[in-house]
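*Asks:* File name start-v2.pdb; file contents PDB, C-alpha atoms; full text below.
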```pdb
ATOM      1  CA  MET A 963     -23.059  17.329 -10.284
ATOM      2  CA  ARG A 964     -23.244  15.627 -13.661
ATOM      3  CA  ALA A 965     -22.745  11.861 -13.700
ATOM      4  CA  ASP A 966     -20.279  10.242 -16.089
ATOM      5  CA  TYR A 967     -21.655   6.741 -15.404
ATOM      6  CA  ARG A 968     -24.908   5.507 -13.909
ATOM      7  CA  THR A 969     -26.938   2.342 -13.476
ATOM      8  CA  ALA A 970     -30.689   1.807 -13.644
ATOM      9  CA  THR A 971     -32.847  -0.134 -11.181
ATOM     10  CA  GLY A 972     -31.483  -3.662 -10.877
ATOM     11  CA  GLU A 973     -28.496  -2.944 -13.121
ATOM     12  CA  GLN A 974     -24.890  -3.549 -12.103
ATOM     13  CA  ARG A 975     -21.878  -2.430 -14.091
ATOM     14  CA  ARG A 976     -18.127  -3.049 -13.934
ATOM     15  CA  LEU A 977     -15.732  -0.300 -15.073
ATOM     16  CA  ALA A 978     -11.966  -0.191 -15.578
ATOM     17  CA  LEU A 979     -11.362   3.478 -14.851
ATOM     18  CA  ALA A 980      -7.612   3.668 -14.261
ATOM     19  CA  ASP A 981      -4.448   1.572 -14.275
ATOM     20  CA  ASP A 982      -5.209  -1.549 -12.248
ATOM     21  CA  VAL A 983      -8.331   0.007 -10.685
ATOM     22  CA  THR A 984     -11.816  -1.412 -11.213
ATOM     23  CA  VAL A 985     -15.091   0.031  -9.959
ATOM     24  CA  GLU A 986     -18.345  -1.909  -9.790
ATOM     25  CA  LEU A 987     -21.559   0.084  -9.658
ATOM     26  CA  ASN A 988     -24.553  -1.353  -7.862
ATOM     27  CA  THR A 989     -28.191  -0.612  -8.666
ATOM     28  CA  ARG A 990     -29.290   3.051  -8.979
ATOM     29  CA  THR A 991     -25.746   4.362  -8.749
ATOM     30  CA  SER A 992     -24.264   7.524 -10.266
ATOM     31  CA  ILE A 993     -20.617   8.540 -10.287
ATOM     32  CA  ALA A 994     -18.516  11.352 -11.705
ATOM     33  CA  VAL A 995     -14.883  10.853 -12.623
ATOM     34  CA  ARG A 996     -12.148  12.891 -10.906
ATOM     35  CA  ALA A 997      -9.073  13.559 -13.037
ATOM     36  CA  GLY A 998      -6.039  15.788 -12.701
ATOM     37  CA  ALA A 999      -2.493  16.092 -13.999
ATOM     38  CA  GLY A1000      -3.504  13.990 -16.967
ATOM     39  CA  ARG A1001      -4.557  10.934 -14.944
ATOM     40  CA  MET A1002      -7.455   9.437 -13.046
ATOM     41  CA  GLN A1003      -7.535  10.364  -9.359
ATOM     42  CA  GLY A1004     -10.833   8.893  -8.213
ATOM     43  CA  ILE A1005     -14.584   9.286  -8.384
ATOM     44  CA  ASP A1006     -17.408  11.241  -6.807
ATOM     45  CA  LEU A1007     -20.162   8.920  -5.631
ATOM     46  CA  ILE A1008     -23.305  10.952  -6.314
ATOM     47  CA  ALA A1009     -25.816   8.256  -5.384
ATOM     48  CA  GLY A1010     -25.956   4.535  -4.722
ATOM     49  CA  GLU A1011     -23.095   2.142  -4.025
ATOM     50  CA  ALA A1012     -19.701   1.373  -5.535
ATOM     51  CA  ALA A1013     -17.121  -1.350  -4.939
ATOM     52  CA  VAL A1014     -13.507  -0.418  -5.663
ATOM     53  CA  ASP A1015     -10.548  -2.736  -6.255
ATOM     54  CA  THR A1016      -7.134  -1.048  -6.002
ATOM     55  CA  LEU A1017      -5.115  -4.118  -4.960
ATOM     56  CA  HIS A1018      -2.578  -3.598  -7.743
ATOM     57  CA  ALA A1019      -2.901   0.157  -8.235
ATOM     58  CA  PRO A1020       0.305   2.205  -8.579
ATOM     59  CA  ARG A1021      -1.136   5.169  -6.647
ATOM     60  CA  PRO A1022      -4.013   5.951  -4.224
ATOM     61  CA  PHE A1023      -7.550   6.101  -5.578
ATOM     62  CA  ALA A1024     -10.223   8.173  -3.815
ATOM     63  CA  VAL A1025     -14.004   7.939  -3.534
ATOM     64  CA  VAL A1026     -15.586  11.223  -2.477
ATOM     65  CA  ALA A1027     -19.057  10.699  -1.023
ATOM     66  CA  GLY A1028     -20.999  13.408   0.756
ATOM     67  CA  PRO A1029     -18.888  15.206   3.392
ATOM     68  CA  GLY A1030     -16.022  12.710   3.381
ATOM     69  CA  ARG A1031     -13.800  10.561   1.236
ATOM     70  CA  ALA A1032     -12.264   7.097   1.301
ATOM     71  CA  PHE A1033      -8.962   6.356  -0.386
ATOM     72  CA  ALA A1034      -6.568   3.446  -0.731
ATOM     73  CA  GLN A1035      -3.727   2.200  -2.877
ATOM     74  CA  SER A1036      -3.926  -1.520  -2.198
ATOM     75  CA  ALA A1037      -7.385  -2.535  -1.031
ATOM     76  CA  ARG A1038     -10.861  -3.685  -1.898
ATOM     77  CA  PHE A1039     -13.586  -1.547  -0.370
ATOM     78  CA  GLU A1040     -17.193  -0.500  -0.793
ATOM     79  CA  VAL A1041     -18.870   2.864  -0.314
ATOM     80  CA  ARG A1042     -22.641   3.228  -0.036
ATOM     81  CA  MET A1043     -24.778   6.331   0.356
ATOM     82  CA  THR A1044     -27.812   5.807   2.584
ATOM     83  CA  PRO A1045     -30.430   8.091   4.138
ATOM     84  CA  ALA A1046     -28.511   7.846   7.424
ATOM     85  CA  GLY A1047     -25.122   8.743   5.925
ATOM     86  CA  VAL A1048     -22.242   7.177   4.021
ATOM     87  CA  CYS A1049     -21.119   3.638   4.871
ATOM     88  CA  VAL A1050     -17.551   2.527   4.065
ATOM     89  CA  THR A1051     -16.602  -1.155   4.289
ATOM     90  CA  CYS A1052     -13.054  -2.483   3.898
ATOM     91  CA  VAL A1053     -13.080  -5.950   2.358
ATOM     92  CA  GLU A1054      -9.318  -6.415   1.974
ATOM     93  CA  GLY A1055      -6.252  -4.304   2.684
ATOM     94  CA  ALA A1056      -6.582  -0.927   4.404
ATOM     95  CA  VAL A1057      -8.655   2.174   3.643
ATOM     96  CA  GLN A1058      -8.254   5.716   4.904
ATOM     97  CA  VAL A1059     -11.436   7.689   5.599
ATOM     98  CA  ALA A1060     -11.179  11.473   5.872
ATOM     99  CA  HIS A1061     -13.855  13.776   7.277
ATOM    100  CA  ALA A1062     -13.927  17.363   8.510
ATOM    101  CA  THR A1063     -14.012  16.032  12.088
ATOM    102  CA  GLY A1064     -11.105  13.612  11.758
ATOM    103  CA  THR A1065      -9.643  10.591   9.993
ATOM    104  CA  ALA A1066      -9.829   6.840  10.479
ATOM    105  CA  THR A1067      -8.165   3.732   9.094
ATOM    106  CA  LEU A1068     -10.239   0.685   8.227
ATOM    107  CA  ASN A1069      -8.619  -2.722   7.981
ATOM    108  CA  ALA A1070     -10.100  -5.834   6.414
ATOM    109  CA  ARG A1071     -13.617  -6.678   7.635
ATOM    110  CA  GLN A1072     -14.128  -3.296   9.270
ATOM    111  CA  GLN A1073     -16.773  -0.673   8.592
ATOM    112  CA  LEU A1074     -17.847   2.813   9.616
ATOM    113  CA  THR A1075     -20.570   5.304   8.757
ATOM    114  CA  TYR A1076     -20.269   9.091   8.627
ATOM    115  CA  ASP A1077     -22.706  11.936   8.065
ATOM    116  CA  SER A1078     -22.444  15.720   7.857
ATOM    117  CA  GLU A1079     -21.885  15.978  11.605
ATOM    118  CA  ALA A1080     -19.394  13.274  12.543
ATOM    119  CA  LEU A1081     -17.241  10.304  11.659
ATOM    120  CA  GLY A1082     -18.718   7.186  13.219
ATOM    121  CA  HIS A1083     -17.023   4.456  15.221
ATOM    122  CA  ILE A1084     -15.259   1.554  13.520
ATOM    123  CA  VAL A1085     -17.101  -1.745  13.840
ATOM    124  CA  SER A1086     -16.129  -5.280  12.851
ATOM    125  CA  VAL A1087     -18.086  -7.036  10.125
ATOM    126  CA  ASP A1088     -18.753 -10.764  10.151
ATOM    127  CA  PRO A1089     -17.132 -11.924   6.875
ATOM    128  CA  THR A1090     -20.020 -14.315   6.237
ATOM    129  CA  TRP A1091     -22.420 -11.335   6.272
ATOM    130  CA  MET A1092     -20.416  -8.809   4.313
ATOM    131  CA  PRO A1093     -22.142  -7.271   1.262
ATOM    132  CA  VAL A1094     -22.779  -9.979  -1.338
ATOM    133  CA  TRP A1095     -24.516  -7.973  -4.059
ATOM    134  CA  ARG A1096     -21.547  -8.487  -6.388
ATOM    135  CA  ASP A1097     -22.316 -12.213  -6.216
ATOM    136  CA  GLY A1098     -25.932 -11.555  -7.176
ATOM    137  CA  TYR A1099     -27.528 -11.953  -3.740
ATOM    138  CA  LEU A1100     -29.121 -10.005  -0.914
ATOM    139  CA  ARG A1101     -28.522 -11.422   2.543
ATOM    140  CA  PHE A1102     -30.363 -10.626   5.775
ATOM    141  CA  SER A1103     -29.959 -11.708   9.397
ATOM    142  CA  GLU A1104     -32.834 -10.989  11.782
ATOM    143  CA  THR A1105     -33.569  -7.862   9.733
ATOM    144  CA  PRO A1106     -36.915  -6.068  10.188
ATOM    145  CA  LEU A1107     -39.199  -6.654   7.210
ATOM    146  CA  ARG A1108     -39.436  -2.895   6.642
ATOM    147  CA  ASP A1109     -35.673  -2.760   6.007
ATOM    148  CA  VAL A1110     -35.795  -5.843   3.780
ATOM    149  CA  VAL A1111     -38.524  -4.227   1.679
ATOM    150  CA  ASP A1112     -36.483  -1.019   1.372
ATOM    151  CA  GLU A1113     -33.539  -3.045   0.096
ATOM    152  CA  ILE A1114     -35.663  -5.045  -2.353
ATOM    153  CA  ASN A1115     -37.092  -1.802  -3.725
ATOM    154  CA  ARG A1116     -33.570  -0.671  -4.643
ATOM    155  CA  TYR A1117     -33.242  -3.577  -7.073
ATOM    156  CA  ARG A1118     -36.762  -4.369  -8.239
ATOM    157  CA  PRO A1119     -38.792  -2.377 -10.798
ATOM    158  CA  GLY A1120     -42.139  -1.195  -9.422
ATOM    159  CA  ARG A1121     -42.560  -1.001  -5.673
ATOM    160  CA  VAL A1122     -43.265  -3.247  -2.698
ATOM    161  CA  VAL A1123     -45.502  -1.486  -0.150
ATOM    162  CA  LEU A1124     -45.998  -2.520   3.479
ATOM    163  CA  LEU A1125     -49.514  -1.765   4.709
ATOM    164  CA  ASP A1126     -49.260  -3.067   8.292
ATOM    165  CA  LYS A1127     -46.854  -1.566  10.863
ATOM    166  CA  GLN A1128     -46.921  -4.735  12.982
ATOM    167  CA  VAL A1129     -45.987  -6.849   9.976
ATOM    168  CA  ALA A1130     -43.172  -4.400   9.181
ATOM    169  CA  ALA A1131     -41.428  -5.302  12.460
ATOM    170  CA  ARG A1132     -41.229  -9.029  11.731
ATOM    171  CA  ARG A1133     -37.705 -10.390  11.311
ATOM    172  CA  VAL A1134     -36.238 -11.904   8.169
ATOM    173  CA  THR A1135     -33.194 -14.148   7.817
ATOM    174  CA  GLY A1136     -32.193 -15.514   4.438
ATOM    175  CA  ARG A1137     -30.332 -15.106   1.169
ATOM    176  CA  PHE A1138     -32.228 -14.096  -1.976
ATOM    177  CA  GLN A1139     -31.189 -13.877  -5.612
ATOM    178  CA  ILE A1140     -31.313 -10.324  -6.917
ATOM    179  CA  ARG A1141     -32.632 -11.528 -10.277
ATOM    180  CA  ALA A1142     -35.479 -13.452  -8.629
ATOM    181  CA  LEU A1143     -36.880 -11.065  -6.033
ATOM    182  CA  ASP A1144     -40.490 -12.002  -6.740
ATOM    183  CA  LYS A1145     -39.546 -15.485  -5.533
ATOM    184  CA  ALA A1146     -38.108 -13.855  -2.407
ATOM    185  CA  ILE A1147     -41.442 -12.133  -1.804
ATOM    186  CA  ALA A1148     -43.264 -15.450  -2.216
ATOM    187  CA  GLN A1149     -40.852 -17.119   0.205
ATOM    188  CA  MET A1150     -41.427 -14.412   2.823
ATOM    189  CA  GLN A1151     -45.165 -14.707   2.255
ATOM    190  CA  ARG A1152     -45.007 -18.372   3.264
ATOM    191  CA  SER A1153     -42.550 -18.017   6.145
ATOM    192  CA  LEU A1154     -44.101 -14.897   7.705
ATOM    193  CA  GLY A1155     -47.743 -15.580   6.865
ATOM    194  CA  LEU A1156     -48.102 -12.423   4.771
ATOM    195  CA  GLU A1157     -50.992 -11.452   2.555
ATOM    196  CA  VAL A1158     -49.752 -10.416  -0.871
ATOM    197  CA  ARG A1159     -51.633  -8.502  -3.541
ATOM    198  CA  ALA A1160     -50.013  -7.836  -6.917
ATOM    199  CA  LEU A1161     -51.053  -4.790  -8.938
ATOM    200  CA  PRO A1162     -50.097  -3.590 -12.433
ATOM    201  CA  GLY A1163     -46.770  -1.829 -12.839
ATOM    202  CA  GLY A1164     -44.875  -4.116 -10.492
ATOM    203  CA  ILE A1165     -46.709  -2.855  -7.395
ATOM    204  CA  VAL A1166     -46.970  -5.415  -4.589
ATOM    205  CA  LEU A1167     -48.931  -4.801  -1.381
ATOM    206  CA  LEU A1168     -47.914  -6.695   1.761
ATOM    207  CA  SER A1169     -50.006  -6.982   4.903
TER     208      SER A1169
END
```
Using structure tokens, write down the structure from this file.

*Replies:*
Amino acid sequence: MRADYRTATGEQRRLALADDVTVELNTRTSIAVRAGAGRMQGIDLIAGEAAVDTLHAPRPFAVVAGPGRAFAQSARFEVRMTPAGVCVTCVEGAVQVAHATGTATLNARQQLTYDSEALGHIVSVDPTWMPVWRDGYLRFSETPLRDVVDEINRYRPGRVVLLDKQVAARRVTGRFQIRALDKAIAQMQRSLGLEVRALPGGIVLLS
């Protein structure tokens, strides 16, 4: 599928795609616009993550991602494609999620993940730990270092590489500025006792 809009590594972009509907694209995101009957109907999320605000929209707006879709008329929600599936988070209002195996309704501070096989269970999200990338931060709570590195690599040019499996299991809690991720690496170096080696091209080796 051909993308109508996309973002590069570390780039974020805000779009006004329809009447009273805004879509914010996170890093490494591609979307295609869905239109019909002379008006915008929604988007296809091809890759990455999008935040949608339809709080004042006159009609439902849909985000098709993988084998399912999320749609709402008066809500703020986020949809992210991950290796494990598609994650939908309702920030405000209510969101309908449709899948070949069923449907679900998410209310504020609720989240679910679906893949090609099934629609996952609805879980509650601590509002203090909801996605904060739109505010320019990454936030982690007792997150394995391997997962933190994967997330940093989404936003940072080059690549951070973990060389030690034992180090990869160490836990990280903290909030880091997206525009200062090298400082985040230095902070983790001090707090976790990591060895860091920087190479040309933005390559960083951790052990």

*Asks:* Evaluating the PyMOL selection byres ((chain A and resi 1083) around 12) on the displayed file yields which residues, as a ChimeraX atom specification?

*Replies:* /A:1049-1050,1059,1064-1068,1072-1077,1080-1082,1084-1086

*Asks:* I need the output of the PyMOL selection byres ((chain A and resi 1127-1143) around 10) for this file as number ranges by chain; which residues are they?

*Replies:* A: 972-973, 1094-1111, 1114-1115, 1117-1118, 1124-1126, 1144-1150, 1153-1156, 1168-1169

*Asks:* In Å, with one decimal, what is the gap from atom CA of Thr1051 of chain A to atom CA of Gly998 of chain A?

*Replies:*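 Result for atom CA of Thr1051 of chain A versus atom CA of Gly998 of chain A: 26.2 Å, one decimal.
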
*Asks:* Under the rule that all atoms listed in the file are counted, which of A:Gly1047, A:Gly1028, A:Pro1022, A:Gly1010 is the nearest residue to Tyr967 of chain A?

*Replies:*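 Under the stated criterion, the closest residue is A:Gly1010.
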
*Asks:* Please expand the PyMOL selection byres ((chain A and resi 1030-1046) around 9) into the concrete residues it hits in this file, giving the result as a VMD selection string.

*Replies:* chain A and resid 1004 1006 to 1029 1047 to 1062 1070 1075 to 1078 1081 1093

*Asks:* Quick one, how far is atom CA of Ile1005 of chain A from atom CA of Met1092 of chain A?

*Replies:*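 Those two atoms sit 22.9 Å apart.
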
*Asks:* Expressed in Å to a single decimal, how great is the separation between atom CA of Arg975 of chain A and atom CA of Thr991 of chain A?

*Replies:*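 Between these atoms lies a distance of 9.5 Å.
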
*Asks:* Given 6 Å on each side, where is the centre and what are the edge lengths in Å to one decimal of the axis-aligned box enclosing the listed atoms of segment 1143-1148 of chain A, as JSON?

*Replies:*
```
{"center_x": -40.1, "center_y": -13.3, "center_z": -4.3, "size_x": 18.4, "size_y": 16.4, "size_z": 16.9}
```

*Asks:* Measuring atom to atom with all atoms listed in the file, identify which of A:Arg1116, A:Thr1090, A:Val1123, A:Val1158 is nearest to Asn988 of chain A.

*Replies:*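 Using all atoms listed in the file, Asn988 of chain A sits closest to A:Arg1116.
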
*Asks:* Name the closest residue to Ala970 of chain A among the candidates A:Asn1069, A:Ala994, A:Asp982, A:Pro1119; distances are taken between atoms, counting only C-alpha atoms.

*Replies:*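 Going through A:Asn1069, A:Ala994, A:Asp982, A:Pro1119 one by one, the smallest distance to Ala970 of chain A is for A:Pro1119.
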
*Asks:* For a quick check of understanding, using only C-alpha atoms, which of A:Val1122, A:Ile993, A:Val985, A:Ala978 has the smallest distance to Ala965 of chain A?

*Replies:*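 When distances to Ala965 of chain A are compared using only C-alpha atoms, the smallest one comes from A:Ile993.
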
*Asks:* Please work out which residues fall within 12 Å of (-47.9, 1.0, -15.4), coordinates as given in the file, with all atoms listed in the file counting, and return them as number ranges by chain.

*Replies:* A: 1119-1121, 1161-1165

*Asks:* For segment 1138-1167 of chain A, supply N, CA and C atoms and format the output as a PDB file, in the coordinates of the input.

*Replies:*
```pdb
ATOM      1  N   PHE A1138     -31.329 -14.132  -0.828  1.00  0.00           N
ATOM      2  CA  PHE A1138     -32.228 -14.096  -1.976  1.00  0.00           C
ATOM      3  C   PHE A1138     -31.474 -13.646  -3.220  1.00  0.00           C
ATOM      4  N   GLN A1139     -31.794 -14.270  -4.342  1.00  0.00           N
ATOM      5  CA  GLN A1139     -31.189 -13.877  -5.612  1.00  0.00           C
ATOM      6  C   GLN A1139     -31.755 -12.545  -6.074  1.00  0.00           C
ATOM      7  N   ILE A1140     -30.873 -11.636  -6.463  1.00  0.00           N
ATOM      8  CA  ILE A1140     -31.313 -10.324  -6.917  1.00  0.00           C
ATOM      9  C   ILE A1140     -32.172 -10.435  -8.171  1.00  0.00           C
ATOM     10  N   ARG A1141     -31.881 -11.394  -9.032  1.00  0.00           N
ATOM     11  CA  ARG A1141     -32.632 -11.528 -10.277  1.00  0.00           C
ATOM     12  C   ARG A1141     -33.930 -12.320 -10.104  1.00  0.00           C
ATOM     13  N   ALA A1142     -34.251 -12.685  -8.875  1.00  0.00           N
ATOM     14  CA  ALA A1142     -35.479 -13.452  -8.629  1.00  0.00           C
ATOM     15  C   ALA A1142     -36.162 -12.942  -7.362  1.00  0.00           C
ATOM     16  N   LEU A1143     -36.346 -11.645  -7.264  1.00  0.00           N
ATOM     17  CA  LEU A1143     -36.880 -11.065  -6.033  1.00  0.00           C
ATOM     18  C   LEU A1143     -38.371 -11.335  -5.843  1.00  0.00           C
ATOM     19  N   ASP A1144     -39.091 -11.607  -6.915  1.00  0.00           N
ATOM     20  CA  ASP A1144     -40.490 -12.002  -6.740  1.00  0.00           C
ATOM     21  C   ASP A1144     -40.577 -13.347  -6.018  1.00  0.00           C
ATOM     22  N   LYS A1145     -39.603 -14.221  -6.272  1.00  0.00           N
ATOM     23  CA  LYS A1145     -39.546 -15.485  -5.533  1.00  0.00           C
ATOM     24  C   LYS A1145     -39.233 -15.219  -4.057  1.00  0.00           C
ATOM     25  N   ALA A1146     -38.410 -14.212  -3.795  1.00  0.00           N
ATOM     26  CA  ALA A1146     -38.108 -13.855  -2.407  1.00  0.00           C
ATOM     27  C   ALA A1146     -39.369 -13.380  -1.689  1.00  0.00           C
ATOM     28  N   ILE A1147     -40.182 -12.606  -2.389  1.00  0.00           N
ATOM     29  CA  ILE A1147     -41.442 -12.133  -1.804  1.00  0.00           C
ATOM     30  C   ILE A1147     -42.359 -13.313  -1.503  1.00  0.00           C
ATOM     31  N   ALA A1148     -42.428 -14.263  -2.427  1.00  0.00           N
ATOM     32  CA  ALA A1148     -43.264 -15.450  -2.216  1.00  0.00           C
ATOM     33  C   ALA A1148     -42.754 -16.277  -1.035  1.00  0.00           C
ATOM     34  N   GLN A1149     -41.436 -16.369  -0.905  1.00  0.00           N
ATOM     35  CA  GLN A1149     -40.852 -17.119   0.205  1.00  0.00           C
ATOM     36  C   GLN A1149     -41.179 -16.451   1.538  1.00  0.00           C
ATOM     37  N   MET A1150     -41.092 -15.129   1.595  1.00  0.00           N
ATOM     38  CA  MET A1150     -41.427 -14.412   2.823  1.00  0.00           C
ATOM     39  C   MET A1150     -42.918 -14.491   3.113  1.00  0.00           C
ATOM     40  N   GLN A1151     -43.724 -14.543   2.065  1.00  0.00           N
ATOM     41  CA  GLN A1151     -45.165 -14.707   2.255  1.00  0.00           C
ATOM     42  C   GLN A1151     -45.464 -15.998   3.010  1.00  0.00           C
ATOM     43  N   ARG A1152     -44.775 -17.079   2.618  1.00  0.00           N
ATOM     44  CA  ARG A1152     -45.007 -18.372   3.264  1.00  0.00           C
ATOM     45  C   ARG A1152     -44.434 -18.395   4.681  1.00  0.00           C
ATOM     46  N   SER A1153     -43.210 -17.887   4.846  1.00  0.00           N
ATOM     47  CA  SER A1153     -42.550 -18.017   6.145  1.00  0.00           C
ATOM     48  C   SER A1153     -43.105 -17.056   7.194  1.00  0.00           C
ATOM     49  N   LEU A1154     -43.607 -15.898   6.756  1.00  0.00           N
ATOM     50  CA  LEU A1154     -44.101 -14.897   7.705  1.00  0.00           C
ATOM     51  C   LEU A1154     -45.628 -14.815   7.733  1.00  0.00           C
ATOM     52  N   GLY A1155     -46.286 -15.612   6.896  1.00  0.00           N
ATOM     53  CA  GLY A1155     -47.743 -15.580   6.865  1.00  0.00           C
ATOM     54  C   GLY A1155     -48.307 -14.265   6.345  1.00  0.00           C
ATOM     55  N   LEU A1156     -47.679 -13.716   5.316  1.00  0.00           N
ATOM     56  CA  LEU A1156     -48.102 -12.423   4.771  1.00  0.00           C
ATOM     57  C   LEU A1156     -49.236 -12.591   3.772  1.00  0.00           C
ATOM     58  N   GLU A1157     -50.032 -11.554   3.643  1.00  0.00           N
ATOM     59  CA  GLU A1157     -50.992 -11.452   2.555  1.00  0.00           C
ATOM     60  C   GLU A1157     -50.366 -10.592   1.466  1.00  0.00           C
ATOM     61  N   VAL A1158     -50.411 -11.095   0.242  1.00  0.00           N
ATOM     62  CA  VAL A1158     -49.752 -10.416  -0.871  1.00  0.00           C
ATOM     63  C   VAL A1158     -50.772 -10.120  -1.968  1.00  0.00           C
ATOM     64  N   ARG A1159     -50.753  -8.893  -2.435  1.00  0.00           N
ATOM     65  CA  ARG A1159     -51.633  -8.502  -3.541  1.00  0.00           C
ATOM     66  C   ARG A1159     -50.790  -7.820  -4.606  1.00  0.00           C
ATOM     67  N   ALA A1160     -50.788  -8.388  -5.809  1.00  0.00           N
ATOM     68  CA  ALA A1160     -50.013  -7.836  -6.917  1.00  0.00           C
ATOM     69  C   ALA A1160     -50.890  -6.930  -7.771  1.00  0.00           C
ATOM     70  N   LEU A1161     -50.363  -5.758  -8.109  1.00  0.00           N
ATOM     71  CA  LEU A1161     -51.053  -4.790  -8.938  1.00  0.00           C
ATOM     72  C   LEU A1161     -50.237  -4.514 -10.202  1.00  0.00           C
ATOM     73  N   PRO A1162     -50.860  -3.929 -11.217  1.00  0.00           N
ATOM     74  CA  PRO A1162     -50.097  -3.590 -12.433  1.00  0.00           C
ATOM     75  C   PRO A1162     -48.929  -2.652 -12.120  1.00  0.00           C
ATOM     76  N   GLY A1163     -47.927  -2.700 -12.997  1.00  0.00           N
ATOM     77  CA  GLY A1163     -46.770  -1.829 -12.839  1.00  0.00           C
ATOM     78  C   GLY A1163     -45.763  -2.310 -11.828  1.00  0.00           C
ATOM     79  N   GLY A1164     -45.835  -3.579 -11.440  1.00  0.00           N
ATOM     80  CA  GLY A1164     -44.875  -4.116 -10.492  1.00  0.00           C
ATOM     81  C   GLY A1164     -45.151  -3.733  -9.054  1.00  0.00           C
ATOM     82  N   ILE A1165     -46.347  -3.224  -8.761  1.00  0.00           N
ATOM     83  CA  ILE A1165     -46.709  -2.855  -7.395  1.00  0.00           C
ATOM     84  C   ILE A1165     -47.154  -4.106  -6.640  1.00  0.00           C
ATOM     85  N   VAL A1166     -46.603  -4.289  -5.448  1.00  0.00           N
ATOM     86  CA  VAL A1166     -46.970  -5.415  -4.589  1.00  0.00           C
ATOM     87  C   VAL A1166     -47.311  -4.870  -3.208  1.00  0.00           C
ATOM     88  N   LEU A1167     -48.490  -5.231  -2.703  1.00  0.00           N
ATOM     89  CA  LEU A1167     -48.931  -4.801  -1.381  1.00  0.00           C
ATOM     90  C   LEU A1167     -48.769  -5.950  -0.397  1.00  0.00           C
TER      91      LEU A1167
END
```
